[in-house]
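Asks: Encoded as structure tokens, here's the structure I'll be asking about.
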Amino acid sequence: MTKNPHPTTSPRTLPDSIRLRASASLAALAALLLAPSLAHATPPDTYGFGARARALGGAVTADVSDSSASYHNPAGLAASEGIQLAVGYVDLHPFLDIDGERSSVERFGTLEVGMVAPVKVGNVITAFGLGLMLPDQRLARTRSTIVTRPRWEMYDTRSQRIFLAANLAIRPVEWLTIGAGIAFQAPSELTLDIRGDLALDDPEANSRLEHQFKGDLTSIRYPAAGFQIEATDWLSFGLSYRGEYTLANRIVALADVRVMRIATLEFLLDTFSTSLFGPQQASLSFAFRPIPDLRIGLEVTWYDWSAHPSLIPTEEIVLGLDPPIVEVPGNIGGRSAIPLGLHDTFVPRIGVEYTAVRTDAVELDLRVGYYYENSPFPVQRGTTNFVDGDEHTTSIGFGLRLTDLEPTLPGHLQINGYLLWSRIVERTHVKDSLVDAVGDYTAGGDLLGLGLQLEVAFR
């Protein structure tokens, strides 16, 4: 069993004044660990990117050509008809329960911005693209995992982050597009350093303690690449790849305090946690057009979840007093990583798009999509409590394009909208131990969402 992470609270070791100062420092550190902090990104890994892509269940890798290509397949940027600017909003509400009680998983709202800028030189087209998602509640959120608290890992904190990607694509011949780019993330490292003098006779008046925070945010990058091949007028296929990334948080607390000028109290707390992991993934997709007004997309995505590091933080705690005027334990211990036992997943997707209206001035597309994502987490029989279950997601949407806008706009204006419903299959977790701190429980629920996007394209 893990020992008490606050050893200085024991009345057998140190006087009350020392315990009060140390407890205050640790309380501040605990607030840092649990409060929202500036950190990391990747909502598209949970919900996708772009209104059309979501309405089609994400089955767009073979023929995506709008700003959502910055996430789904960078090669599609070079298939764009011209410069595109898109802005949209996403609003999703979780209704997730554990043993019939509603879980405190926050709604997800985000602003989406996309840009595509193609350039044609001779018969070769090159294009640059940007994709950005800004959550509306906080720029980022990260929380350390508490073993004895059931947690919706896929929906609780993973989506509360900024996403930013930049890509380049080229179309050397009419039937082939190739693209690649990078997305950005930032792990964090924070040090709390406490130094000074502590007076036992009158700690409030005579103590002189100083503290200093040192932060280090070092950007990391992970790659994305893909290609599209237009085999015939009615068949195209695509392949995309996104690399793995691990976002880690490290917080170090150091105390070096002189007590009554007769002894020095030394304290170290070093905690390291994986706040977010993105598995490497590859998508293979086909798009068929049996008739000009009907498009059917089929796709399967592989996720390398088995490479996931432990989400359980590790801790090292050391306490010392020199000279040892009272008995103080040395290395008190902390927590160790617990293997998660995740397995790889294969996610099938299908998207159907039908052009219901096509005139010189207006086009109306109707869309429907579906995908099934089996949970990478096994049934939680041991000490961990990650409750995510298998997910069935169905979506419907539309795309309304206004094309007769010249001379005001030499291009088109498009409005995309969608509704989606995700069913998280109810799953019962039966613990191996009869004295497990959490016990057996059942988890499941739903996610409901909608989104709108405005796109302006210039020929």
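Residue numbers start at 1 in each chain; chains themselves are named A, B, ... in the order of the structure tokens; ligands are numbered from 1 in the order shown.
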Select from stretch 211-438 of chain A everything DSSP, run on the backbone, classes as strand (DSSP E), then give the selection as a ChimeraX atom specification.
Replies: /A:211-217,220-230,235-242,245-259,263-278,281-291,294-303,314-322,345-358,362-373,391-402,411-429
Asks: Need the shell around A:Leu409: protein/DNA/RNA residues with any atom at most 10 Å away, counting only C-alpha atoms. Skip same-chain ones fewer than 4 positions apart. Format as a PyMOL selection string?
Replies: chain A and resi 403-405+413+456-459
Asks: Between A:Trp302, A:Tyr47, A:Tyr441, A:Tyr71, which one has atoms that come closest to A:Ser395, using only C-alpha atoms?
Replies: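 Once distances to A:Ser395 are computed over only C-alpha atoms, the minimum belongs to A:Tyr47.
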Asks: Atom CA of A:Val64 and atom CA of A:Gly76, how far apart in Å?
Replies: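 Computing it gives 5.3 Å between the two atoms.
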Asks: Go through A:Glu406, A:Glu230, A:Asp388, A:Asp270 and flag the residue nearest A:Val173, using only C-alpha atoms for the distances.
Replies: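 Going through A:Glu406, A:Glu230, A:Asp388, A:Asp270 one by one, the smallest distance to A:Val173 is for A:Glu230.
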Asks: Using only C-alpha atoms, which protein or nucleic acid residues come within 7 Å of stretch 422-436 of chain A? Drop anything in the same chain fewer than 5 positions from it, and give the result as a compact mmCIF listing (two decimals) with C-alpha atoms, in the first residue's frame.
Replies:
```txt
# COMPACT_ATOMS: atom_id res chain seq x y z
CA VAL A 379 -12.15 -4.45 -18.20
CA GLN A 380 -10.77 -2.88 -15.01
CA ARG A 381 -10.23 -5.85 -12.69
CA GLY A 382 -7.20 -4.54 -10.77
CA GLY A 389 -16.24 1.44 -23.30
CA ASP A 390 -16.84 0.67 -26.98
CA GLU A 391 -18.29 3.57 -28.98
CA HIS A 392 -20.87 3.64 -31.79
CA THR A 393 -21.17 7.06 -33.45
CA THR A 394 -23.79 8.07 -36.00
CA TYR A 441 -19.35 -0.80 -11.04
CA THR A 442 -21.08 -0.34 -14.42
CA ALA A 443 -20.26 2.55 -16.77
CA GLY A 444 -21.80 3.77 -20.04
CA GLY A 445 -23.72 6.62 -21.60
CA ASP A 446 -24.10 8.94 -24.57
CA LEU A 447 -22.55 11.96 -26.28
CA LEU A 448 -24.68 14.44 -28.24
```
Asks: Tell me, as a list in words, which residues lie within 8 Å of A:Pro135, counting only C-alpha atoms; anything in the same chain fewer than 6 positions away does not count.
Replies: Phe108, Gly109, Thr110, Leu111, Gln160, Arg161 and Ile162 of chain A
Asks: At a cut-off of 10 Å, using only C-alpha atoms, what residues contact A:Phe346? Leave out same-chain residues fewer than 3 positions from it and give the result as a VMD selection string.
Replies: chain A and resid 281 to 283 300 to 304 349 372 to 374 376
Asks: Would you put the residues from that selection into a file with N, CA and C atoms, as an mmCIF file, in the first residue's frame?
Replies:
```cif
data_model
loop_
_atom_site.group_PDB
_atom_site.id
_atom_site.type_symbol
_atom_site.label_atom_id
_atom_site.label_comp_id
_atom_site.auth_asym_id
_atom_site.auth_seq_id
_atom_site.Cartn_x
_atom_site.Cartn_y
_atom_site.Cartn_z
ATOM 1 N N GLN A 281 -0.862 6.153 -35.861
ATOM 2 C CA GLN A 281 -2.072 5.634 -36.491
ATOM 3 C C GLN A 281 -1.967 5.747 -38.003
ATOM 4 N N ALA A 282 -2.630 4.845 -38.671
ATOM 5 C CA ALA A 282 -2.633 4.829 -40.134
ATOM 6 C C ALA A 282 -4.051 4.556 -40.616
ATOM 7 N N SER A 283 -4.479 5.292 -41.652
ATOM 8 C CA SER A 283 -5.838 5.151 -42.197
ATOM 9 C C SER A 283 -5.764 4.807 -43.675
ATOM 10 N N VAL A 300 -10.717 2.444 -42.760
ATOM 11 C CA VAL A 300 -10.345 1.742 -41.534
ATOM 12 C C VAL A 300 -9.066 2.385 -41.001
ATOM 13 N N THR A 301 -9.026 2.602 -39.694
ATOM 14 C CA THR A 301 -7.892 3.256 -39.051
ATOM 15 C C THR A 301 -7.320 2.344 -37.978
ATOM 16 N N TRP A 302 -6.003 2.184 -38.004
ATOM 17 C CA TRP A 302 -5.292 1.412 -36.971
ATOM 18 C C TRP A 302 -4.680 2.362 -35.959
ATOM 19 N N TYR A 303 -4.886 2.066 -34.658
ATOM 20 C CA TYR A 303 -4.319 2.850 -33.570
ATOM 21 C C TYR A 303 -3.394 1.968 -32.740
ATOM 22 N N ASP A 304 -2.184 2.441 -32.517
ATOM 23 C CA ASP A 304 -1.170 1.667 -31.781
ATOM 24 C C ASP A 304 -1.291 1.936 -30.279
ATOM 25 N N ARG A 349 -15.048 2.909 -40.644
ATOM 26 C CA ARG A 349 -15.858 4.110 -40.860
ATOM 27 C C ARG A 349 -16.553 4.020 -42.217
ATOM 28 N N TYR A 372 -17.348 2.741 -35.671
ATOM 29 C CA TYR A 372 -17.328 1.933 -34.442
ATOM 30 C C TYR A 372 -15.908 1.903 -33.914
ATOM 31 N N GLU A 373 -15.739 2.301 -32.639
ATOM 32 C CA GLU A 373 -14.413 2.321 -32.020
ATOM 33 C C GLU A 373 -14.440 1.476 -30.751
ATOM 34 N N ASN A 374 -13.786 0.320 -30.818
ATOM 35 C CA ASN A 374 -13.725 -0.522 -29.630
ATOM 36 C C ASN A 374 -12.693 0.043 -28.652
ATOM 37 N N PRO A 376 -9.715 0.662 -26.209
ATOM 38 C CA PRO A 376 -8.407 0.023 -26.011
ATOM 39 C C PRO A 376 -8.192 -0.437 -24.571
#
```
Asks: Residues near A:Gly297, anyone? I mean within 6 Å using only C-alpha atoms, not counting same-chain ones fewer than 2 positions away, as a PDB file with C-alpha atoms, in the first residue's frame.
Replies:
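And here's result.pdb as it stands now:
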```
ATOM      1  CA  ALA A  59     -14.336   8.476 -43.781  1.00  0.00           C
ATOM      2  CA  PHE A 286     -11.675   4.352 -50.553  1.00  0.00           C
ATOM      3  CA  ALA A 287     -14.234   6.712 -52.119  1.00  0.00           C
ATOM      4  CA  ILE A 350     -18.436   4.748 -43.564  1.00  0.00           C
ATOM      5  CA  GLY A 351     -19.711   8.027 -44.992  1.00  0.00           C
TER       6      GLY A 351
END
```
